[in-house]
file structure19.csv (CSV, C-alpha atoms and all ligand atoms)
chain,number,residue,atom,x,y,z
A,392,MET,CA,16.5,-136.0,-85.4
A,393,LEU,CA,18.4,-132.7,-84.6
A,394,THR,CA,20.6,-131.9,-81.6
A,395,VAL,CA,21.4,-128.2,-81.0
A,396,MET,CA,24.0,-126.9,-78.5
A,397,THR,CA,25.5,-123.7,-77.3
A,398,GLY,CA,28.8,-123.5,-75.4
A,399,GLY,CA,30.4,-126.6,-76.8
A,400,THR,CA,33.4,-125.0,-78.3
A,401,ARG,CA,35.5,-125.1,-75.2
A,402,GLY,CA,35.4,-125.9,-71.5
A,403,LEU,CA,33.1,-128.5,-69.9
A,404,GLY,CA,30.6,-128.1,-72.8
A,405,ARG,CA,33.3,-129.3,-75.3
A,406,VAL,CA,34.0,-132.4,-73.1
A,407,ALA,CA,30.2,-133.1,-73.1
A,408,ALA,CA,29.9,-132.5,-76.8
A,409,THR,CA,32.4,-135.3,-77.5
A,410,GLN,CA,30.0,-137.7,-75.7
A,411,ILE,CA,26.7,-136.4,-77.0
A,412,ALA,CA,26.0,-138.5,-80.1
A,413,PRO,CA,22.3,-139.5,-80.2
A,414,GLY,CA,22.3,-139.9,-84.0
A,415,GLY,CA,21.0,-137.4,-86.6
A,416,THR,CA,22.3,-134.0,-87.2
A,417,ARG,CA,24.3,-132.1,-84.6
A,418,ILE,CA,24.5,-128.3,-84.8
A,419,MET,CA,26.7,-126.1,-82.5
A,420,GLY,CA,26.2,-122.4,-82.1
A,421,ALA,CA,29.7,-120.9,-82.3
A,422,ARG,CA,30.8,-117.3,-82.1
A,423,ARG,CA,34.2,-118.2,-83.5
A,424,ILE,CA,34.1,-120.3,-86.7
A,425,LEU,CA,37.4,-122.2,-86.6
A,426,ASP,CA,39.2,-124.5,-89.1
A,427,ALA,CA,40.0,-128.3,-88.7
A,428,ARG,CA,43.4,-127.5,-87.3
A,429,ALA,CA,41.8,-125.8,-84.3
A,430,ALA,CA,39.4,-128.8,-83.8
A,431,ARG,CA,42.5,-131.1,-83.6
A,432,ARG,CA,44.0,-128.7,-81.0
A,433,GLY,CA,40.8,-129.2,-78.9
A,434,ASP,CA,39.3,-125.8,-79.7
A,435,GLY,CA,35.9,-125.2,-81.4
A,436,PRO,CA,33.2,-127.8,-82.0
A,437,PRO,CA,34.4,-131.5,-81.8
A,438,PRO,CA,34.2,-133.7,-84.9
A,439,GLY,CA,30.7,-134.6,-85.9
A,440,TRP,CA,29.2,-131.2,-85.0
A,441,ARG,CA,28.4,-128.6,-87.6
A,442,PRO,CA,29.1,-125.0,-86.5
A,443,LEU,CA,26.7,-122.2,-87.2
A,444,PRO,CA,27.4,-118.6,-86.3
A,445,LEU,CA,25.9,-117.5,-83.0
A,446,ASP,CA,26.9,-114.6,-80.8
A,447,LEU,CA,24.8,-114.6,-77.7
A,448,ALA,CA,25.6,-110.9,-77.1
A,449,SER,CA,23.3,-110.1,-80.0
A,450,LEU,CA,19.6,-110.9,-80.2
A,451,ALA,CA,19.7,-110.5,-84.0
A,452,SER,CA,22.4,-113.2,-84.1
A,453,VAL,CA,20.2,-115.5,-82.0
A,454,ARG,CA,17.3,-115.0,-84.5
A,455,SER,CA,19.6,-115.7,-87.5
A,456,PHE,CA,20.9,-118.8,-85.8
A,457,ALA,CA,17.4,-120.2,-85.1
A,458,ALA,CA,16.4,-119.4,-88.7
A,459,ALA,CA,19.4,-121.2,-90.2
A,460,LEU,CA,18.8,-124.5,-88.4
A,461,PRO,CA,17.8,-127.4,-90.6
A,462,ASP,CA,14.0,-127.9,-90.7
A,463,GLU,CA,13.9,-131.1,-88.5
A,464,PRO,CA,12.3,-131.8,-85.1
A,465,ILE,CA,14.7,-130.9,-82.3
A,466,THR,CA,15.3,-133.9,-80.0
A,467,HIS,CA,18.1,-132.5,-77.9
A,468,LEU,CA,18.6,-128.8,-76.9
A,469,ILE,CA,21.6,-128.0,-74.8
A,470,LEU,CA,22.0,-124.4,-73.7
A,471,ASN,CA,25.4,-124.4,-72.0
A,472,ALA,CA,27.2,-121.3,-73.1
A,473,GLY,CA,28.0,-118.8,-70.4
A,474,GLY,CA,30.5,-116.1,-69.4
A,475,GLN,CA,31.6,-113.9,-66.6
A,476,ARG,CA,32.9,-110.3,-66.7
A,477,SER,CA,35.0,-108.2,-64.3
A,478,ASP,CA,32.1,-105.7,-63.8
A,479,ASP,CA,28.6,-105.0,-65.1
A,480,ARG,CA,29.4,-101.9,-67.1
A,481,ALA,CA,29.4,-103.5,-70.6
A,482,ARG,CA,26.2,-103.3,-72.7
A,483,THR,CA,25.2,-105.5,-75.7
A,484,ILE,CA,24.3,-104.0,-79.0
A,485,ASP,CA,20.6,-104.3,-77.8
A,486,GLY,CA,21.5,-102.1,-74.8
A,487,PHE,CA,21.3,-104.7,-72.0
A,488,GLU,CA,23.9,-105.6,-69.4
A,489,THR,CA,26.2,-108.1,-71.2
A,490,THR,CA,26.3,-111.0,-68.7
A,491,PHE,CA,22.6,-111.1,-68.2
A,492,ALA,CA,21.9,-110.6,-71.9
A,493,SER,CA,24.3,-113.3,-73.1
A,494,ASN,CA,23.8,-115.9,-70.4
A,495,HIS,CA,20.0,-115.5,-69.9
A,496,LEU,CA,18.2,-113.3,-72.4
A,497,ALA,CA,19.8,-114.8,-75.5
A,498,HIS,CA,19.2,-118.4,-74.4
A,499,TYR,CA,15.6,-117.5,-73.4
A,500,LEU,CA,14.9,-116.1,-76.9
A,501,LEU,CA,16.5,-119.1,-78.5
A,502,LEU,CA,14.4,-121.4,-76.4
A,503,ARG,CA,11.2,-119.5,-77.2
A,504,LEU,CA,12.0,-119.5,-80.9
A,505,LEU,CA,12.8,-123.3,-80.9
A,506,MET,CA,9.9,-124.4,-78.7
A,507,PRO,CA,7.5,-125.0,-81.6
A,508,ARG,CA,10.1,-127.3,-83.1
A,509,LEU,CA,10.9,-129.4,-80.1
A,510,ALA,CA,10.0,-133.1,-80.7
A,511,LEU,CA,7.9,-135.3,-78.5
A,512,GLY,CA,10.1,-136.4,-75.6
A,513,ALA,CA,12.8,-133.8,-76.4
A,514,ARG,CA,15.5,-133.3,-73.8
A,515,ILE,CA,16.3,-129.7,-72.8
A,516,VAL,CA,19.3,-128.8,-70.6
A,517,ILE,CA,20.2,-125.3,-69.4
A,518,THR,CA,23.5,-124.9,-67.5
A,519,SER,CA,23.0,-123.0,-64.3
A,520,SER,CA,25.3,-122.8,-61.3
A,521,GLY,CA,25.4,-123.3,-57.6
A,522,THR,CA,26.3,-119.6,-57.3
A,523,HIS,CA,22.6,-119.0,-57.7
A,524,ASP,CA,22.1,-120.2,-54.2
A,525,PRO,CA,23.3,-118.1,-51.1
A,526,ALA,CA,23.1,-121.3,-49.0
A,527,GLU,CA,25.9,-122.8,-51.1
A,528,LYS,CA,28.4,-120.2,-49.9
A,529,THR,CA,30.4,-120.4,-53.1
A,530,GLY,CA,32.2,-117.1,-52.4
A,531,VAL,CA,30.4,-115.5,-55.4
A,532,PRO,CA,28.0,-112.7,-54.4
A,533,PRO,CA,24.6,-114.4,-54.7
A,534,PRO,CA,21.6,-113.0,-56.5
A,535,ARG,CA,19.3,-110.5,-54.5
A,536,HIS,CA,16.4,-110.7,-57.0
A,537,ALA,CA,15.5,-111.9,-60.5
A,538,LYS,CA,13.9,-108.7,-61.7
A,539,ALA,CA,14.6,-108.7,-65.5
A,540,GLU,CA,14.5,-104.9,-65.8
A,541,TRP,CA,17.1,-104.3,-63.0
A,542,LEU,CA,19.3,-107.1,-64.4
A,543,ALA,CA,19.1,-105.7,-67.9
A,544,HIS,CA,19.7,-102.1,-66.7
A,545,PRO,CA,21.6,-102.4,-63.3
A,546,GLU,CA,21.8,-98.6,-63.0
A,547,ARG,CA,18.0,-98.6,-62.4
A,548,ASN,CA,18.4,-100.7,-59.3
A,549,PRO,CA,18.5,-98.5,-56.2
A,550,ASP,CA,20.5,-101.3,-54.5
A,551,HIS,CA,23.1,-101.5,-57.3
A,552,ASP,CA,26.5,-102.7,-56.1
A,553,ARG,CA,29.1,-99.9,-56.1
A,554,ILE,CA,32.2,-102.1,-56.4
A,555,GLY,CA,32.6,-103.2,-60.0
A,556,ALA,CA,34.0,-106.7,-59.3
A,557,VAL,CA,31.1,-107.4,-56.9
A,558,ALA,CA,28.5,-106.1,-59.4
A,559,GLY,CA,30.1,-108.3,-62.2
A,560,MET,CA,30.0,-111.5,-60.2
A,561,ARG,CA,26.5,-110.8,-58.9
A,562,ALA,CA,25.4,-110.2,-62.5
A,563,TYR,CA,26.8,-113.7,-63.2
A,564,SER,CA,25.1,-115.5,-60.3
A,565,SER,CA,21.9,-113.7,-61.1
A,566,SER,CA,22.1,-114.8,-64.7
A,567,LYS,CA,22.5,-118.4,-63.5
A,568,LEU,CA,19.5,-118.0,-61.3
A,569,CYS,CA,17.6,-116.9,-64.4
A,570,ASN,CA,18.8,-120.0,-66.3
A,571,LEU,CA,17.3,-122.1,-63.5
A,572,LEU,CA,14.1,-120.2,-63.4
A,573,THR,CA,13.7,-120.5,-67.1
A,574,ALA,CA,14.1,-124.3,-66.9
A,575,ARG,CA,11.6,-124.4,-64.0
A,576,TYR,CA,9.0,-122.4,-65.9
A,577,LEU,CA,9.5,-124.4,-69.1
A,578,ALA,CA,8.9,-127.7,-67.3
A,579,THR,CA,5.5,-126.4,-66.1
A,580,THR,CA,4.2,-125.2,-69.5
A,581,ASP,CA,1.3,-127.0,-71.2
A,582,GLU,CA,3.6,-127.8,-74.2
A,583,ALA,CA,6.2,-129.5,-72.0
A,584,ARG,CA,3.5,-131.6,-70.3
A,585,ALA,CA,1.7,-132.5,-73.6
A,586,LYS,CA,4.9,-133.4,-75.4
A,587,GLY,CA,6.7,-135.1,-72.5
A,588,TRP,CA,9.8,-132.9,-72.7
A,589,GLN,CA,12.5,-133.7,-70.1
A,590,VAL,CA,13.8,-130.4,-68.8
A,591,PHE,CA,16.9,-130.0,-66.7
A,592,ALA,CA,18.9,-127.1,-65.1
A,593,TYR,CA,22.5,-128.2,-64.4
A,594,ASP,CA,25.0,-127.1,-61.8
A,595,PRO,CA,28.4,-128.6,-62.8
A,596,GLY,CA,30.0,-127.4,-59.6
A,597,LEU,CA,33.2,-125.3,-59.5
A,598,THR,CA,35.2,-126.7,-62.5
A,599,PRO,CA,38.7,-125.3,-62.9
A,600,GLY,CA,40.4,-125.7,-66.2
A,601,THR,CA,37.7,-124.1,-68.3
A,602,GLY,CA,37.9,-120.6,-70.0
A,603,LEU,CA,35.2,-119.2,-67.6
A,604,VAL,CA,37.5,-116.7,-65.8
A,605,ARG,CA,39.2,-115.2,-68.9
A,606,ASN,CA,37.7,-111.8,-68.3
A,607,GLN,CA,38.6,-111.8,-64.6
A,608,PRO,CA,41.6,-109.9,-63.1
A,609,TRP,CA,45.1,-111.4,-63.8
A,610,PHE,CA,45.6,-113.0,-60.3
A,611,VAL,CA,42.4,-115.0,-60.8
A,612,ARG,CA,43.3,-116.1,-64.3
A,613,ALA,CA,47.0,-116.7,-63.7
A,614,LEU,CA,47.1,-117.8,-60.0
A,615,VAL,CA,43.8,-119.0,-58.5
A,616,TRP,CA,42.3,-120.8,-61.5
A,617,PRO,CA,45.5,-122.8,-62.5
A,618,LEU,CA,46.0,-123.9,-58.9
A,619,LEU,CA,42.5,-125.1,-58.2
A,620,PRO,CA,42.9,-128.5,-60.0
A,621,LEU,CA,45.4,-129.4,-57.3
A,622,VAL,CA,42.8,-128.9,-54.6
A,623,GLN,CA,39.9,-130.3,-56.6
A,624,PRO,CA,40.2,-134.0,-55.7
A,625,PHE,CA,39.8,-133.0,-52.0
A,626,ALA,CA,36.9,-130.5,-52.4
A,627,ALA,CA,33.4,-131.8,-52.5
A,628,GLY,CA,32.0,-128.8,-54.3
A,629,MET,CA,34.6,-128.9,-57.1
A,630,ASN,CA,34.7,-131.2,-60.1
A,631,SER,CA,37.2,-132.2,-62.8
A,632,LEU,CA,36.5,-131.0,-66.3
A,633,LYS,CA,36.0,-134.7,-67.3
A,634,ASP,CA,33.3,-135.2,-64.6
A,635,ALA,CA,31.5,-131.9,-65.2
A,636,GLY,CA,31.4,-132.6,-69.0
A,637,ARG,CA,30.1,-136.2,-68.4
A,638,GLY,CA,27.4,-134.8,-66.1
A,639,LEU,CA,26.1,-132.5,-68.8
A,640,ALA,CA,26.3,-135.3,-71.4
A,641,GLU,CA,24.3,-137.6,-69.1
A,642,LEU,CA,21.5,-135.0,-68.7
A,643,ALA,CA,21.5,-134.4,-72.4
A,644,THR,CA,21.1,-138.1,-73.3
A,645,THR,CA,20.2,-140.6,-70.6
A,646,ALA,CA,19.6,-139.2,-67.1
A,647,ALA,CA,16.1,-139.3,-65.6
A,648,ALA,CA,14.9,-136.9,-63.0
A,649,PRO,CA,12.8,-137.9,-60.0
A,650,GLU,CA,9.2,-136.8,-60.4
A,651,GLY,CA,8.9,-133.0,-60.2
A,652,ARG,CA,12.6,-132.3,-60.2
A,653,VAL,CA,14.4,-130.1,-62.6
A,654,TYR,CA,17.6,-129.0,-60.9
A,655,ALA,CA,20.6,-131.4,-61.0
A,656,ALA,CA,23.9,-130.8,-59.2
A,657,LEU,CA,27.1,-132.9,-59.3
A,658,PRO,CA,28.8,-133.2,-55.9
A,659,ARG,CA,31.9,-135.4,-56.1
A,660,GLY,CA,31.1,-136.1,-59.8
A,661,LYS,CA,27.7,-137.7,-59.1
A,662,LEU,CA,24.3,-136.4,-60.4
A,663,THR,CA,22.0,-135.5,-57.5
A,664,TRP,CA,18.7,-133.6,-57.4
A,665,PRO,CA,18.9,-131.0,-54.6
A,666,ASP,CA,16.4,-128.2,-53.8
A,667,PRO,CA,17.4,-125.0,-55.6
A,668,SER,CA,17.6,-121.7,-53.6
A,669,GLU,CA,14.5,-120.2,-52.0
A,670,LEU,CA,14.3,-117.5,-54.7
A,671,ALA,CA,14.6,-120.2,-57.4
A,672,ARG,CA,11.6,-122.1,-55.9
A,673,ASP,CA,9.4,-119.0,-55.9
A,674,ASP,CA,6.6,-119.5,-58.5
A,675,ALA,CA,5.8,-115.8,-58.7
A,676,VAL,CA,9.4,-114.9,-59.4
A,677,THR,CA,9.7,-117.7,-62.0
A,678,THR,CA,6.6,-116.5,-63.8
A,679,ALA,CA,7.5,-112.9,-63.7
A,680,LEU,CA,11.0,-113.5,-65.2
A,681,TRP,CA,9.5,-115.6,-68.1
A,682,HIS,CA,7.0,-112.8,-69.0
A,683,ASP,CA,9.4,-109.9,-68.4
A,684,SER,CA,12.1,-111.6,-70.5
A,685,ALA,CA,9.6,-112.0,-73.3
A,686,GLN,CA,9.1,-108.2,-73.3
A,687,LEU,CA,12.8,-107.5,-73.3
A,688,VAL,CA,13.5,-109.7,-76.3
A,689,GLY,CA,10.5,-108.4,-78.2
A,690,LEU,CA,8.2,-111.4,-78.1
A,701,LIG,N1,33.6,-123.7,-64.8
A,701,LIG,C1,32.9,-123.6,-63.7
A,701,LIG,O1,33.4,-123.5,-62.5
A,701,LIG,C2,31.4,-123.5,-63.8
A,701,LIG,C3,30.6,-123.6,-62.6
A,701,LIG,C4,29.2,-123.5,-62.7
A,701,LIG,C5,28.6,-123.3,-63.9
A,701,LIG,N2,29.4,-123.1,-65.0
A,701,LIG,C6,28.7,-122.9,-66.3
A,701,LIG,O2,29.1,-123.8,-67.3
A,701,LIG,C7,29.0,-123.3,-68.6
A,701,LIG,C8,30.3,-123.6,-69.3
A,701,LIG,O3,31.3,-122.8,-68.7
A,701,LIG,P1,32.8,-123.2,-68.8
A,701,LIG,O4,33.3,-123.1,-67.4
A,701,LIG,O5,33.1,-124.4,-69.6
A,701,LIG,O6,33.4,-121.9,-69.5
A,701,LIG,P2,34.2,-121.8,-70.9
A,701,LIG,O7,35.3,-122.7,-71.1
A,701,LIG,O8,34.5,-120.3,-71.0
A,701,LIG,O9,33.1,-122.1,-72.0
A,701,LIG,C9,32.0,-121.2,-72.3
A,701,LIG,C10,31.4,-121.6,-73.6
A,701,LIG,O10,30.4,-120.6,-73.9
A,701,LIG,C11,30.6,-120.0,-75.1
A,701,LIG,N3,30.2,-118.6,-75.1
A,701,LIG,C12,30.4,-117.6,-74.1
A,701,LIG,N4,29.9,-116.5,-74.5
A,701,LIG,C13,29.4,-116.6,-75.8
A,701,LIG,C14,28.7,-115.8,-76.7
A,701,LIG,N5,28.5,-114.5,-76.4
A,701,LIG,N6,28.2,-116.3,-77.8
A,701,LIG,C15,28.4,-117.6,-78.1
A,701,LIG,N7,29.0,-118.5,-77.3
A,701,LIG,C16,29.5,-118.0,-76.1
A,701,LIG,C17,32.1,-120.1,-75.3
A,701,LIG,O11,32.4,-119.9,-76.7
A,701,LIG,P3,34.0,-119.5,-77.1
A,701,LIG,O12,34.7,-120.7,-77.3
A,701,LIG,O13,33.8,-118.6,-78.3
A,701,LIG,O14,34.5,-118.7,-76.0
A,701,LIG,C18,32.3,-121.5,-74.8
A,701,LIG,O15,32.0,-122.5,-75.7
A,701,LIG,C19,28.6,-121.8,-68.4
A,701,LIG,O16,27.2,-121.7,-68.6
A,701,LIG,C20,29.0,-121.5,-67.0
A,701,LIG,O17,28.3,-120.5,-66.4
A,701,LIG,C21,30.7,-123.2,-65.0
call {"tool": "encode", "arguments": {"input": "structure19.csv", "output": "structure tokens", "more": "lines below"}}
Ligand SMILES: NC(=O)c1ccc[n+]([C@@H]2O[C@H](COP(=O)([O-])OP(=O)(O)OC[C@H]3O[C@@H](n4cnc5c(N)ncnc54)[C@H](OP(=O)(O)O)[C@@H]3O)[C@@H](O)[C@H]2O)c1
result
Amino acid sequence: MLTVMTGGTRGLGRVAATQIAPGGTRIMGARRILDARAARRGDGPPPGWRPLPLDLASLASVRSFAAALPDEPITHLILNAGGQRSDDRARTIDGFETTFASNHLAHYLLLRLLMPRLALGARIVITSSGTHDPAEKTGVPPPRHAKAEWLAHPERNPDHDRIGAVAGMRAYSSSKLCNLLTARYLATTDEARAKGWQVFAYDPGLTPGTGLVRNQPWFVRALVWPLLPLVQPFAAGMNSLKDAGRGLAELATTAAAPEGRVYAALPRGKLTWPDPSELARDDAVTTALWHDSAQLVGL
């Protein structure tokens, strides 16, 4: 019995990781390998999790991580890591836009590499976001498309945002749409059906107190983000770190989706199963992203 997680070294993923203990070995992909003192400070994998090096900004690192996992059937796969940037100018070592590559492509490759090892009845959770849906009016520029080539190389998109901050946040919301589309496609595969996998895409809601905005301008980091917890108890779309982490842990361990549902959201701390955005429900878009991502990662 093997549990594998990304993004459990801080933020809502770390809160979840303290509650995910299904038995067996627990491995956490971590780009920072920290000592026991850091774990006691609440940084890095919580006790009980074995860290293995993983930098999602490198496809080679994803392949090494997958190869280094113990040779056991994977019963729980939690793909929670994610980040935002202040623009979309950075490129990974593989030459792809960094937010799209780290949040989506790396997780897609990891999932594809691990699919043959997923156990009967395995649970797979991919953390998405309500920012994928224009109808949610989150304030984050929503995705306009899910074309892998334009997301990997934004300069090739004739409709590319000129303002860096807008481009950066749209790259984020688009990557979260890709996380959701990946979960949707996975759930429809013959393997998922034959092996009874339970697949979820998760929107934790706006969750202040995490490290998500650390690459954003100073006023977001130093003013907006620290003040949001004061507003959180009164805002339906916002969750405490504790609730957002518990929601992820529930999906990873016990939650059951209504028939045909994959997307879970957490208004006021309670798991619900809303319709995702129109683009996220488009089967042609879903299939195209799966196949185009395979080409980009060299499968
Ligand atoms: N907070 C929100 O309002 C919110 C809302 C909707 C969705 N989400 C999603 O929730 C998930 C967790 O976010 P959070 O808010 O808890 O942010 P966070 O505190 O910044 O945690 C992000 C996690 O992802 C890991 N990570 C980021 N880039 C990585 C990379 N290149 N390689 C390996 N690991 C990497 C981080 O590792 P390090 O410890 O090394 O940094 C950390 O464990 C993300 O997918 C985010 O998109 C968050």
call {"tool": "residues_near_ligand", "arguments": {"input": "structure19.csv", "ligand": "ligand LIG 701 (chain A)", "cutoff": "6 Å", "atoms": "all atoms listed in the file", "output": "NGL selection string"}}
result
:A and (398-404 or 421-423 or 445-448 or 471-474 or 493 or 518-520 or 594-599 or 601-603)
call {"tool": "residues_around", "arguments": {"input": "structure19.csv", "residues": "Leu502 in chain A", "least_positions_apart": "5", "cutoff": "12 Å", "atoms": "all atoms listed in the file", "output": "VMD selection string"}}
result
chain A and resid 395 to 397 453 to 454 456 to 457 465 467 to 470 495 to 497 507 to 509 515 to 517 570 573 to 574 576 to 577 590 681 684 to 685 688 690
call {"tool": "atom_distance", "arguments": {"input": "structure19.csv", "atom1": "CA of Leu618 in chain A", "atom2": "CA of Gly530 in chain A"}}
result
16.7 Å
call {"tool": "atom_distance", "arguments": {"input": "structure19.csv", "atom1": "CA of Pro436 in chain A", "atom2": "CA of Ile424 in chain A"}}
result
8.9 Å
call {"tool": "residues_around", "arguments": {"input": "structure19.csv", "residues": "Pro525 in chain A", "least_positions_apart": "4", "cutoff": "8 Å", "atoms": "only C-alpha atoms", "output": "number ranges by chain"}}
result
A: 529, 532-534, 668
call {"tool": "closest_residue", "arguments": {"input": "structure19.csv", "among": "A:Ala648, A:Ala427, A:Ala656, A:Val615", "to": "Asn630 in chain A", "atoms": "only C-alpha atoms"}}
result
A:Ala656
call {"tool": "atom_distance", "arguments": {"input": "structure19.csv", "atom1": "CA of Thr409 in chain A", "atom2": "CA of Tyr654 in chain A"}}
result
23.1 Å
call {"tool": "closest_residue", "arguments": {"input": "structure19.csv", "among": "A:Arg431, A:Arg561, A:Lys567, A:Arg637", "to": "Ala407 in chain A", "atoms": "all atoms listed in the file"}}
result
A:Arg637
call {"tool": "residues_near_point", "arguments": {"input": "structure19.csv", "point": "(19.0, -139.3, -83.7)", "cutoff": "8 Å", "atoms": "only C-alpha atoms", "output": "PyMOL selection string"}}
result
chain A and resi 392-394+412-416+466
call {"tool": "closest_residue", "arguments": {"input": "structure19.csv", "among": "A:Arg514, A:His498, A:Arg417, A:His551", "to": "Phe591 in chain A", "atoms": "only C-alpha atoms"}}
result
A:Arg514
call {"tool": "closest_residue", "arguments": {"input": "structure19.csv", "among": "A:Gln589, A:Ser631, A:Gln607, A:Thr580", "to": "Ala647 in chain A", "atoms": "all atoms listed in the file"}}
result
A:Gln589
call {"tool": "residues_near_point", "arguments": {"input": "structure19.csv", "point": "(8.0, -129.8, -74.9)", "cutoff": "8 Å", "atoms": "all atoms listed in the file", "output": "list in words"}}
result
Met506, Leu509, Ala510, Leu511, Gly512, Ala513, Ala578, Glu582, Ala583, Arg584, Ala585, Lys586, Gly587, Trp588 and Gln589 of chain A
call {"tool": "closest_residue", "arguments": {"input": "structure19.csv", "among": "A:Pro444, A:Gly420, A:Gly435, A:Pro617", "to": "Val406 in chain A", "atoms": "all atoms listed in the file"}}
result
A:Gly435
call {"tool": "closest_residue", "arguments": {"input": "structure19.csv", "among": "A:Gly600, A:Pro620, A:Gly638, A:Gly433", "to": "Ile411 in chain A", "atoms": "only C-alpha atoms"}}
result
A:Gly638
call {"tool": "residues_around", "arguments": {"input": "structure19.csv", "residues": "range 476-481 of chain A", "least_positions_apart": "3", "cutoff": "8 Å", "atoms": "all atoms listed in the file", "output": "list of chain:residue names"}}
result
A:Glu488, A:Thr489, A:Thr490, A:Pro545, A:Gly555, A:Ala556, A:Val557, A:Ala558, A:Gly559, A:Met560, A:Ala562, A:Tyr563, A:Val604, A:Asn606, A:Gln607, A:Pro608
call {"tool": "build_atoms", "arguments": {"input": "structure19.csv", "residues": "range 528-540 of chain A", "atoms": "N, CA and C atoms", "output": "PDB file, in the coordinates of the input"}}
result
ATOM      1  N   LYS A 528      27.164-120.922 -50.304  1.00  0.00           N
ATOM      2  CA  LYS A 528      28.400-120.200 -49.900  1.00  0.00           C
ATOM      3  C   LYS A 528      29.550-120.404 -50.791  1.00  0.00           C
ATOM      4  N   THR A 529      29.346-120.117 -52.070  1.00  0.00           N
ATOM      5  CA  THR A 529      30.400-120.400 -53.100  1.00  0.00           C
ATOM      6  C   THR A 529      31.470-119.292 -53.078  1.00  0.00           C
ATOM      7  N   GLY A 530      31.227-118.183 -52.373  1.00  0.00           N
ATOM      8  CA  GLY A 530      32.200-117.100 -52.400  1.00  0.00           C
ATOM      9  C   GLY A 530      31.814-116.057 -53.486  1.00  0.00           C
ATOM     10  N   VAL A 531      30.922-116.419 -54.366  1.00  0.00           N
ATOM     11  CA  VAL A 531      30.400-115.500 -55.400  1.00  0.00           C
ATOM     12  C   VAL A 531      29.233-114.748 -54.798  1.00  0.00           C
ATOM     13  N   PRO A 532      29.183-113.398 -54.899  1.00  0.00           N
ATOM     14  CA  PRO A 532      28.000-112.700 -54.400  1.00  0.00           C
ATOM     15  C   PRO A 532      26.728-113.267 -54.984  1.00  0.00           C
ATOM     16  N   PRO A 533      25.792-113.731 -54.150  1.00  0.00           N
ATOM     17  CA  PRO A 533      24.600-114.400 -54.700  1.00  0.00           C
ATOM     18  C   PRO A 533      23.569-113.396 -55.198  1.00  0.00           C
ATOM     19  N   PRO A 534      22.599-113.862 -55.991  1.00  0.00           N
ATOM     20  CA  PRO A 534      21.600-113.000 -56.500  1.00  0.00           C
ATOM     21  C   PRO A 534      20.730-112.381 -55.343  1.00  0.00           C
ATOM     22  N   ARG A 535      20.262-111.136 -55.530  1.00  0.00           N
ATOM     23  CA  ARG A 535      19.300-110.500 -54.500  1.00  0.00           C
ATOM     24  C   ARG A 535      17.917-110.577 -55.046  1.00  0.00           C
ATOM     25  N   HIS A 536      17.760-110.728 -56.372  1.00  0.00           N
ATOM     26  CA  HIS A 536      16.400-110.700 -57.000  1.00  0.00           C
ATOM     27  C   HIS A 536      16.571-111.280 -58.390  1.00  0.00           C
ATOM     28  N   ALA A 537      15.432-111.436 -59.075  1.00  0.00           N
ATOM     29  CA  ALA A 537      15.500-111.900 -60.500  1.00  0.00           C
ATOM     30  C   ALA A 537      14.616-110.943 -61.328  1.00  0.00           C
ATOM     31  N   LYS A 538      14.648-109.639 -60.982  1.00  0.00           N
ATOM     32  CA  LYS A 538      13.900-108.700 -61.700  1.00  0.00           C
ATOM     33  C   LYS A 538      14.581-108.381 -63.060  1.00  0.00           C
ATOM     34  N   ALA A 539      13.927-108.757 -64.163  1.00  0.00           N
ATOM     35  CA  ALA A 539      14.600-108.700 -65.500  1.00  0.00           C
ATOM     36  C   ALA A 539      14.999-107.210 -65.777  1.00  0.00           C
ATOM     37  N   GLU A 540      14.152-106.247 -65.419  1.00  0.00           N
ATOM     38  CA  GLU A 540      14.500-104.900 -65.800  1.00  0.00           C
ATOM     39  C   GLU A 540      15.761-104.389 -65.066  1.00  0.00           C
TER      40      GLU A 540
END
